[in-house]
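Structure file target_37.cif (mmCIF, C-alpha atoms and all ligand atoms) follows.
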data_final
#
loop_
_atom_site.label_atom_id
_atom_site.label_comp_id
_atom_site.auth_asym_id
_atom_site.auth_seq_id
_atom_site.Cartn_x
_atom_site.Cartn_y
_atom_site.Cartn_z
CA VAL T 1 60.65 100.03 234.41
CA ILE T 2 59.05 101.77 237.36
CA PRO T 3 55.69 100.43 238.51
CA ALA T 4 53.97 103.44 240.08
CA ALA T 5 50.28 102.74 239.45
CA GLY T 6 49.29 101.43 242.88
CA LEU T 7 46.84 103.12 245.22
CA GLY T 8 48.81 102.72 248.43
CA MET T 9 45.92 101.44 250.51
CA ARG T 10 48.19 100.38 253.39
CA LEU T 11 49.69 103.87 253.60
CA ALA T 12 46.43 105.79 253.39
CA ALA T 13 44.55 106.69 256.54
CA SER T 14 41.59 104.35 256.97
CA SER T 15 39.28 107.39 256.89
CA ASP T 16 40.61 108.48 253.48
CA ARG T 17 38.24 107.12 250.81
CA ASP T 18 40.07 108.64 247.83
CA PRO T 19 43.79 108.81 248.73
CA GLU T 20 46.46 110.32 246.50
CA PRO T 21 48.16 107.37 244.71
CA LYS T 22 51.20 106.46 246.81
CA ALA T 23 53.88 107.00 244.16
CA LEU T 24 52.68 110.57 243.60
CA ARG T 25 52.77 111.51 247.27
CA LEU T 26 55.41 114.03 248.23
CA LEU T 27 58.38 113.37 250.46
CA GLU T 28 60.19 116.61 251.33
CA GLY T 29 58.59 118.30 248.32
CA ARG T 30 59.35 115.62 245.74
CA SER T 31 57.20 112.62 244.84
CA LEU T 32 58.26 109.07 245.66
CA LEU T 33 58.21 108.35 241.93
CA ALA T 34 60.37 111.36 241.00
CA ARG T 35 62.91 110.38 243.66
CA SER T 36 63.06 106.75 242.53
CA ALA T 37 63.31 107.71 238.87
CA ALA T 38 66.10 110.22 239.58
CA VAL T 39 68.29 107.47 241.09
CA LEU T 40 67.77 105.11 238.15
CA ALA T 41 67.90 107.58 235.25
CA PRO T 42 71.67 108.26 235.11
CA LEU T 43 72.33 104.49 234.94
CA VAL T 44 69.89 103.52 232.15
CA GLU T 45 69.07 104.48 228.56
CA HIS T 46 65.29 104.79 228.88
CA VAL T 47 62.74 104.90 231.68
CA VAL T 48 59.21 103.49 231.37
CA VAL T 49 56.78 104.42 234.13
CA ALA T 50 53.47 102.64 234.72
CA ALA T 51 51.24 105.28 236.28
CA PRO T 52 47.63 105.56 237.44
CA GLY T 53 45.58 105.86 234.25
CA ASP T 54 43.95 109.15 235.27
CA ARG T 55 47.25 110.78 236.28
CA LEU T 56 49.45 110.44 233.20
CA ASP T 57 49.94 114.17 232.66
CA GLN T 58 50.60 114.86 236.33
CA VAL T 59 53.25 112.12 236.28
CA ARG T 60 54.87 113.50 233.12
CA ARG T 61 55.10 116.91 234.79
CA GLN T 62 56.70 115.41 237.90
CA LEU T 63 59.45 113.89 235.75
CA TRP T 64 60.29 117.02 233.72
CA ASP T 65 63.94 117.14 234.88
CA LEU T 66 64.67 113.41 234.56
CA ALA T 67 68.18 112.65 233.27
CA ALA T 68 66.95 110.06 230.74
CA PRO T 69 64.27 109.86 228.05
CA PHE T 70 61.05 108.45 229.50
CA VAL T 71 57.55 107.35 228.60
CA VAL T 72 54.56 107.08 230.91
CA VAL T 73 52.02 104.32 230.26
CA PRO T 74 48.80 103.49 232.11
CA GLY T 75 49.32 100.76 234.70
CA GLY T 76 47.06 97.79 235.42
CA ARG T 77 45.01 96.48 238.31
CA THR T 78 47.98 94.63 239.87
CA ARG T 79 51.69 95.38 240.07
CA GLN T 80 52.29 92.48 237.72
CA ALA T 81 49.86 93.89 235.16
CA SER T 82 51.52 97.30 235.46
CA VAL T 83 54.98 95.84 234.82
CA GLY T 84 53.55 93.84 231.91
CA ARG T 85 52.20 96.99 230.27
CA ALA T 86 55.49 98.80 230.78
CA LEU T 87 57.39 95.88 229.20
CA ASP T 88 55.16 96.18 226.13
CA ALA T 89 56.43 99.73 225.70
CA ILE T 90 60.11 98.69 225.52
CA ASP T 91 61.88 98.45 222.18
CA PRO T 92 62.59 94.74 221.49
CA SER T 93 66.25 95.50 220.75
CA VAL T 94 66.81 96.32 224.44
CA GLU T 95 68.74 93.55 226.23
CA LEU T 96 68.58 94.34 229.93
CA VAL T 97 65.83 95.72 232.11
CA LEU T 98 65.64 96.88 235.72
CA VAL T 99 62.29 96.86 237.51
CA HIS T 100 62.14 99.22 240.48
CA ASP T 101 59.22 100.06 242.76
CA ALA T 102 58.41 103.78 242.81
CA ALA T 103 57.71 103.16 246.49
CA ARG T 104 61.46 102.69 247.27
CA PRO T 105 62.59 106.30 246.83
CA LEU T 106 65.72 106.15 249.01
CA VAL T 107 67.34 103.31 247.05
CA PRO T 108 71.09 104.01 247.00
CA ARG T 109 72.79 104.29 243.62
CA VAL T 110 75.33 101.63 244.69
CA LEU T 111 72.55 99.07 244.97
CA VAL T 112 71.41 99.78 241.41
CA GLU T 113 75.02 99.46 240.26
CA ARG T 114 75.36 96.13 242.09
CA VAL T 115 72.35 94.72 240.26
CA ILE T 116 73.67 95.96 236.91
CA ALA T 117 77.10 94.46 237.66
CA ALA T 118 75.54 91.03 238.25
CA LEU T 119 73.69 91.30 234.92
CA ASP T 120 76.95 92.26 233.23
CA ASP T 121 78.51 89.15 234.80
CA GLY T 122 75.95 87.06 232.89
CA SER T 123 73.04 86.52 235.30
CA SER T 124 69.60 86.40 233.68
CA ALA T 125 67.75 87.46 236.83
CA VAL T 126 69.16 89.45 239.77
CA VAL T 127 67.46 90.24 243.04
CA PRO T 128 68.69 92.25 246.04
CA GLY T 129 67.99 90.42 249.29
CA LEU T 130 68.34 91.39 252.94
CA ALA T 131 68.72 89.19 255.99
CA VAL T 132 65.59 89.26 258.14
CA ALA T 133 65.93 90.69 261.65
CA ASP T 134 62.94 89.04 263.31
CA SER T 135 62.63 85.37 264.12
CA LEU T 136 60.21 83.70 261.74
CA ARG T 137 57.36 81.23 262.24
CA GLU T 138 55.19 79.41 259.79
CA GLU T 139 51.56 78.68 260.54
CA THR T 140 50.52 75.03 260.56
CA GLU T 141 47.12 73.39 260.88
CA VAL T 142 47.52 72.93 264.63
CA GLY T 143 49.63 75.96 265.51
CA SER T 144 53.00 77.07 264.18
CA ARG T 145 56.62 76.05 263.78
CA PRO T 146 59.85 78.03 263.60
CA LEU T 147 61.48 78.87 260.24
CA ASP T 148 65.26 79.09 259.95
CA ARG T 149 65.75 82.81 259.45
CA SER T 150 69.34 82.38 258.24
CA ARG T 151 68.03 80.66 255.12
CA VAL T 152 65.68 83.39 253.92
CA ARG T 153 66.08 86.90 252.48
CA ALA T 154 63.63 89.76 252.24
CA VAL T 155 63.47 90.77 248.60
CA GLN T 156 63.91 94.34 247.36
CA THR T 157 64.15 96.20 244.06
CA PRO T 158 65.63 97.08 241.62
CA GLN T 159 65.51 93.58 240.17
CA GLY T 160 67.44 93.05 236.94
CA PHE T 161 66.62 90.77 234.00
CA ARG T 162 67.46 89.90 230.42
CA LEU T 163 64.44 91.50 228.77
CA GLU T 164 63.45 88.38 226.82
CA VAL T 165 63.43 86.31 230.01
CA LEU T 166 61.17 88.74 231.87
CA ARG T 167 58.87 89.12 228.86
CA GLU T 168 58.51 85.36 228.50
CA ALA T 169 57.84 85.02 232.23
CA HIS T 170 55.07 87.60 232.06
CA ARG T 171 53.55 85.85 229.04
CA ARG T 172 53.57 82.48 230.81
CA ALA T 173 52.33 83.81 234.15
CA ASP T 174 48.76 84.02 232.85
CA THR T 175 46.62 83.66 235.98
CA PHE T 176 49.54 83.21 238.38
CA GLU T 177 49.92 86.33 240.54
CA ALA T 178 53.28 87.25 242.07
CA THR T 179 54.29 90.25 244.18
CA ASP T 180 57.62 90.60 242.39
CA ASP T 181 59.20 89.79 239.06
CA ALA T 182 61.79 87.29 240.25
CA SER T 183 58.95 85.01 241.38
CA LEU T 184 57.68 85.02 237.79
CA VAL T 185 60.95 84.13 236.07
CA GLU T 186 61.18 81.25 238.55
CA LEU T 187 58.31 79.74 236.50
CA LEU T 188 60.73 79.38 233.58
CA GLY T 189 63.27 77.61 235.76
CA THR T 190 65.61 80.58 235.45
CA VAL T 191 68.26 80.80 238.18
CA VAL T 192 67.75 83.93 240.27
CA THR T 193 71.00 85.47 241.54
CA LEU T 194 70.87 87.14 244.95
CA VAL T 195 73.02 90.20 245.60
CA PRO T 196 73.21 92.00 248.95
CA GLY T 197 70.31 94.41 249.39
CA ASP T 198 70.45 97.72 251.25
CA PRO T 199 68.35 98.82 254.23
CA LEU T 200 67.81 102.20 252.53
CA ALA T 201 65.98 100.47 249.68
CA PHE T 202 63.07 99.81 252.06
CA LYS T 203 59.58 100.10 250.60
CA ILE T 204 57.23 102.76 251.82
CA THR T 205 54.25 100.60 252.65
CA ARG T 206 52.77 101.85 255.93
CA PRO T 207 52.69 105.25 257.69
CA LEU T 208 55.71 104.31 259.81
CA ASP T 209 57.78 103.85 256.64
CA LEU T 210 56.94 107.38 255.46
CA LEU T 211 57.95 108.76 258.83
CA LEU T 212 61.28 106.92 258.61
CA ALA T 213 61.93 108.29 255.11
CA GLU T 214 61.13 111.85 256.26
CA THR T 215 63.44 111.50 259.22
CA LEU T 216 66.28 110.17 257.05
CA LEU T 217 65.91 113.02 254.54
CA ALA T 218 65.76 115.64 257.29
CA GLY T 219 69.05 114.31 258.64
CA ARG T 220 70.87 114.65 255.29
N1 LIG T 301 51.99 99.09 241.63
C1 LIG T 301 51.61 99.30 240.30
N2 LIG T 301 50.36 98.89 239.88
C2 LIG T 301 49.50 98.29 240.73
C3 LIG T 301 49.87 98.04 242.08
C4 LIG T 301 51.14 98.45 242.50
O1 LIG T 301 52.38 99.84 239.52
N3 LIG T 301 48.30 97.94 240.29
C5 LIG T 301 53.29 99.59 242.10
C6 LIG T 301 53.15 100.60 243.24
O2 LIG T 301 52.86 101.90 242.72
C7 LIG T 301 54.48 100.51 243.94
C8 LIG T 301 54.95 99.08 243.64
O3 LIG T 301 54.08 98.56 242.63
O4 LIG T 301 55.43 101.43 243.45
C9 LIG T 301 54.94 98.21 244.89
O5 LIG T 301 53.59 97.97 245.30
P1 LIG T 301 52.99 98.30 246.73
O6 LIG T 301 54.03 98.75 247.67
O7 LIG T 301 52.09 97.18 247.10
O8 LIG T 301 52.14 99.64 246.39
P2 LIG T 301 50.57 99.78 246.33
O9 LIG T 301 49.97 98.62 245.63
O10 LIG T 301 50.32 101.14 245.79
O11 LIG T 301 50.18 99.77 247.89
P3 LIG T 301 49.05 98.87 248.63
O12 LIG T 301 49.35 97.45 248.26
O13 LIG T 301 49.24 99.19 250.07
O14 LIG T 301 47.73 99.36 248.08
MG MG T 302 50.13 96.62 246.45
#

Starting from the coordinates I provided, produce the structure as structure tokens.
Amino acid sequence: VIPAAGLGMRLAASSDRDPEPKALRLLEGRSLLARSAAVLAPLVEHVVVAAPGDRLDQVRRQLWDLAAPFVVVPGGRTRQASVGRALDAIDPSVELVLVHDAARPLVPRVLVERVIAALDDGSSAVVPGLAVADSLREETEVGSRPLDRSRVRAVQTPQGFRLEVLREAHRRADTFEATDDASLVELLGTVVTLVPGDPLAFKITRPLDLLLAETLLAGR
């Protein structure tokens, strides 16, 4: 499942009132979505993309050479809603699902394989996590206090799940909003397995991230 229906407000210039949806923006001639999908496709049986509702045909055209069968469905107002709609398009006989942000186009294949391996080892929910480089502080009523950085991980995608677990989590979430899928399965009390993330799986969120991705691709 590739959520790709977001607008990318943090990436767009503040003067741009009607920006190109982030996942459809080009990086060295190829969209973020097409790049993300191309990494996942050889490792899965089907791809489901949640795309901006008014761009379904454009998205289908961008994926013409994908190495796996795919469907494109209209996304929702939030990432969670977009993933929920994509899950509805999956055949119930499917056992395992990966959810990967279109906005992480440089995700290395080995990271996807690591997540799949943990699912194959029996985990119901798998999340790549990276140590945080900065010191962390938590705001309090009077000021702030330090957080032990060695105890936390920054969460990436792809995240891997038994399909029934993720479906049930989305059903139960109701009004609860989460920025990733692992936070939802937590509601069911499911143990979430952490595997080492990869710096190259960074999310293109702000202009600096796009610049980094361009620089990395130019150096290849
Ligand atoms: N996404 C989605 N549907 C939404 C919102 C987000 O499918 N309604 C997708 C994005 O396309 C992206 C991924 O979820 O691939 C991660 O979200 P984020 O980086 O926050 O992207 P945007 O929501 O597009 O960006 P912003 O929050 O800056 O507007
Ligand atoms: Mg967003």

Kindly list the centre and edge lengths in Å, rounded to one decimal, for the axis-aligned box that covers all listed atoms of segment 17-21 of chain T plus 3 Å on each of its six sides, as AutoDock Vina command-line options.
--center_x 43.2 --center_y 108.7 --center_z 247.8 --size_x 15.9 --size_y 9.2 --size_z 12.1

Neighbours of ligand MG 302 (chain T) at 7 Å or closer, counting all atoms listed in the file: which residues, as a PyMOL selection string?
chain T and resi 6+8+79

Could you check how far atom CA of Arg55 of chain T sits from atom CA of Gly76 of chain T, in Å to one decimal?
13.0 Å

Selection near Thr190 of chain T, 9 Å with all atoms listed in the file, sequence-local residues under 3 positions removed, as a list in words:
Ser124, Ala125, Val165, Val185, Glu186 and Leu187 of chain T

Limited to C-alpha atoms, could you put the picked residues into a file as a PDB file, in the coordinates of the input?
ATOM      1  CA  SER T 124      69.600  86.400 233.680  1.00  0.00           C
ATOM      2  CA  ALA T 125      67.750  87.460 236.830  1.00  0.00           C
ATOM      3  CA  VAL T 165      63.430  86.310 230.010  1.00  0.00           C
ATOM      4  CA  VAL T 185      60.950  84.130 236.070  1.00  0.00           C
ATOM      5  CA  GLU T 186      61.180  81.250 238.550  1.00  0.00           C
ATOM      6  CA  LEU T 187      58.310  79.740 236.500  1.00  0.00           C
TER       7      LEU T 187
END

Which residues are close to Val127 of chain T, i.e. within 8 Å by all atoms listed in the file, leaving aside same-chain residues fewer than 6 positions away? Reply as a PyMOL selection string.
chain T and resi 115+155-160+182+192-195

Produce a file of the selected residues containing C-alpha atoms, as a PDB file, in the frame of the given file.
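Saved to selection-v1.pdb:
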ATOM      1  CA  VAL T 115      72.350  94.720 240.260  1.00  0.00           C
ATOM      2  CA  VAL T 155      63.470  90.770 248.600  1.00  0.00           C
ATOM      3  CA  GLN T 156      63.910  94.340 247.360  1.00  0.00           C
ATOM      4  CA  THR T 157      64.150  96.200 244.060  1.00  0.00           C
ATOM      5  CA  PRO T 158      65.630  97.080 241.620  1.00  0.00           C
ATOM      6  CA  GLN T 159      65.510  93.580 240.170  1.00  0.00           C
ATOM      7  CA  GLY T 160      67.440  93.050 236.940  1.00  0.00           C
ATOM      8  CA  ALA T 182      61.790  87.290 240.250  1.00  0.00           C
ATOM      9  CA  VAL T 192      67.750  83.930 240.270  1.00  0.00           C
ATOM     10  CA  THR T 193      71.000  85.470 241.540  1.00  0.00           C
ATOM     11  CA  LEU T 194      70.870  87.140 244.950  1.00  0.00           C
ATOM     12  CA  VAL T 195      73.020  90.200 245.600  1.00  0.00           C
TER      13      VAL T 195
END

Taking only C-alpha atoms and all ligand atoms into account, which residues are within 7 Å of ligand LIG 301 (chain T), as an MDAnalysis selection string?
chainID T and resid 3:11 21:23 50:51 75:79 81:83 101:103 203:205

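For the pair atom CA of Leu210 of chain T and atom CA of Val126 of chain T, the interatomic distance is 26.8 Å.
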
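Neighbours of Leu27 of chain T closer than or equal to 8 Å, with only C-alpha atoms counted and sequence neighbours fewer than 5 positions away skipped, come out as Leu32, Leu210, Ala213 and Glu214 of chain T.
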
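Among T:Ser93, T:Gln80, T:Ser150, T:Ser123, the residue with the shortest atom-to-atom distance to Ser183 of chain T, counting only C-alpha atoms, is T:Gln80.
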
Long-range neighbours of segment 57-62 of chain T as a PyMOL selection string, 8 Å cut-off, all atoms listed in the file, 3 positions minimum in chain
chain T and resi 24+31+34+51+72

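Comparing T:Leu43, T:Leu212, T:Ala13, T:Val1 by their smallest distance to Val110 of chain T, the closest is T:Leu43 (using only C-alpha atoms).
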
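The smallest atom-to-atom distance between Glu95 of chain T and any of T:Arg220, T:Arg167, T:Arg162, T:Arg25, using all atoms listed in the file, is found for T:Arg162.
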
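In this structure, atom CA of Pro74 of chain T sits 16.9 Å away from atom CA of His46 of chain T.
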
Judged by all atoms listed in the file, the minimum distance to Ala67 of chain T among T:Leu147, T:Ala133, T:Ala38, T:Leu217 is found for T:Ala38

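If all atoms listed in the file are the atoms counted, then among T:Leu163, T:Leu96, T:Leu130, T:Leu106 the closest residue to Leu33 of chain T is T:Leu106.
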
Skipping near chain neighbours, those fewer than 6 positions away, what residues fall within 10 Å of Leu111 of chain T using all atoms listed in the file, listed as number ranges by chain?
T: 117, 128, 157-158, 195-198, 200-201

When you get a chance, write out all heavy atoms for segment 181-192 of chain T, as a tab-separated table (two decimals), in the coordinates of the input.
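Wrote it out as rebuild02.tsv, contents follow:
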chain	number	residue	atom	x	y	z
T	181	ASP	N	58.93	90.35	240.38
T	181	ASP	CA	59.20	89.79	239.06
T	181	ASP	C	60.07	88.56	239.11
T	181	ASP	O	59.94	87.66	238.27
T	181	ASP	CB	59.84	90.89	238.19
T	181	ASP	CG	58.86	92.03	238.02
T	181	ASP	OD1	57.96	91.89	237.19
T	181	ASP	OD2	58.95	93.00	238.77
T	182	ALA	N	60.94	88.48	240.13
T	182	ALA	CA	61.79	87.29	240.25
T	182	ALA	C	60.94	86.04	240.44
T	182	ALA	O	61.26	84.96	239.93
T	182	ALA	CB	62.76	87.47	241.42
T	183	SER	N	59.83	86.16	241.16
T	183	SER	CA	58.95	85.01	241.38
T	183	SER	C	58.37	84.51	240.06
T	183	SER	O	58.05	83.34	239.91
T	183	SER	CB	57.79	85.37	242.31
T	183	SER	OG	58.26	86.02	243.45
T	184	LEU	N	58.22	85.41	239.10
T	184	LEU	CA	57.68	85.02	237.79
T	184	LEU	C	58.71	84.28	236.94
T	184	LEU	O	58.39	83.27	236.32
T	184	LEU	CB	57.21	86.26	237.02
T	184	LEU	CG	55.91	86.91	237.46
T	184	LEU	CD1	55.59	88.07	236.54
T	184	LEU	CD2	54.77	85.91	237.47
T	185	VAL	N	59.95	84.80	236.91
T	185	VAL	CA	60.95	84.13	236.07
T	185	VAL	C	61.29	82.75	236.63
T	185	VAL	O	61.74	81.87	235.90
T	185	VAL	CB	62.24	84.97	235.87
T	185	VAL	CG1	61.93	86.33	235.32
T	185	VAL	CG2	63.04	85.07	237.13
T	186	GLU	N	61.02	82.57	237.92
T	186	GLU	CA	61.18	81.25	238.55
T	186	GLU	C	60.33	80.21	237.79
T	186	GLU	O	60.72	79.05	237.68
T	186	GLU	CB	60.67	81.34	239.99
T	186	GLU	CG	61.38	80.44	240.95
T	186	GLU	CD	62.63	81.08	241.49
T	186	GLU	OE1	62.60	82.29	241.82
T	186	GLU	OE2	63.64	80.38	241.58
T	187	LEU	N	59.20	80.64	237.25
T	187	LEU	CA	58.31	79.74	236.50
T	187	LEU	C	59.02	79.14	235.30
T	187	LEU	O	58.67	78.06	234.83
T	187	LEU	CB	57.08	80.50	235.99
T	187	LEU	CG	56.10	81.05	237.02
T	187	LEU	CD1	55.02	81.86	236.32
T	187	LEU	CD2	55.49	79.92	237.82
T	188	LEU	N	60.00	79.86	234.77
T	188	LEU	CA	60.73	79.38	233.58
T	188	LEU	C	61.89	78.51	233.99
T	188	LEU	O	62.62	78.01	233.14
T	188	LEU	CB	61.27	80.56	232.77
T	188	LEU	CG	60.29	81.66	232.38
T	188	LEU	CD1	61.02	82.76	231.64
T	188	LEU	CD2	59.18	81.09	231.53
T	189	GLY	N	62.12	78.36	235.30
T	189	GLY	CA	63.27	77.61	235.76
T	189	GLY	C	64.55	78.42	235.69
T	189	GLY	O	65.66	77.87	235.79
T	190	THR	N	64.43	79.72	235.51
T	190	THR	CA	65.61	80.58	235.45
T	190	THR	C	66.23	80.70	236.84
T	190	THR	O	65.52	80.86	237.83
T	190	THR	CB	65.21	82.00	234.96
T	190	THR	OG1	64.57	81.87	233.70
T	190	THR	CG2	66.40	82.91	234.85
T	191	VAL	N	67.57	80.62	236.90
T	191	VAL	CA	68.26	80.80	238.18
T	191	VAL	C	68.22	82.28	238.56
T	191	VAL	O	68.51	83.15	237.74
T	191	VAL	CB	69.74	80.33	238.08
T	191	VAL	CG1	70.49	80.65	239.36
T	191	VAL	CG2	69.77	78.84	237.78
T	192	VAL	N	67.82	82.55	239.79
T	192	VAL	CA	67.75	83.93	240.27
T	192	VAL	C	68.95	84.19	241.18
T	192	VAL	O	69.10	83.55	242.21
T	192	VAL	CB	66.43	84.18	241.03
T	192	VAL	CG1	66.41	85.57	241.64
T	192	VAL	CG2	65.23	84.00	240.09
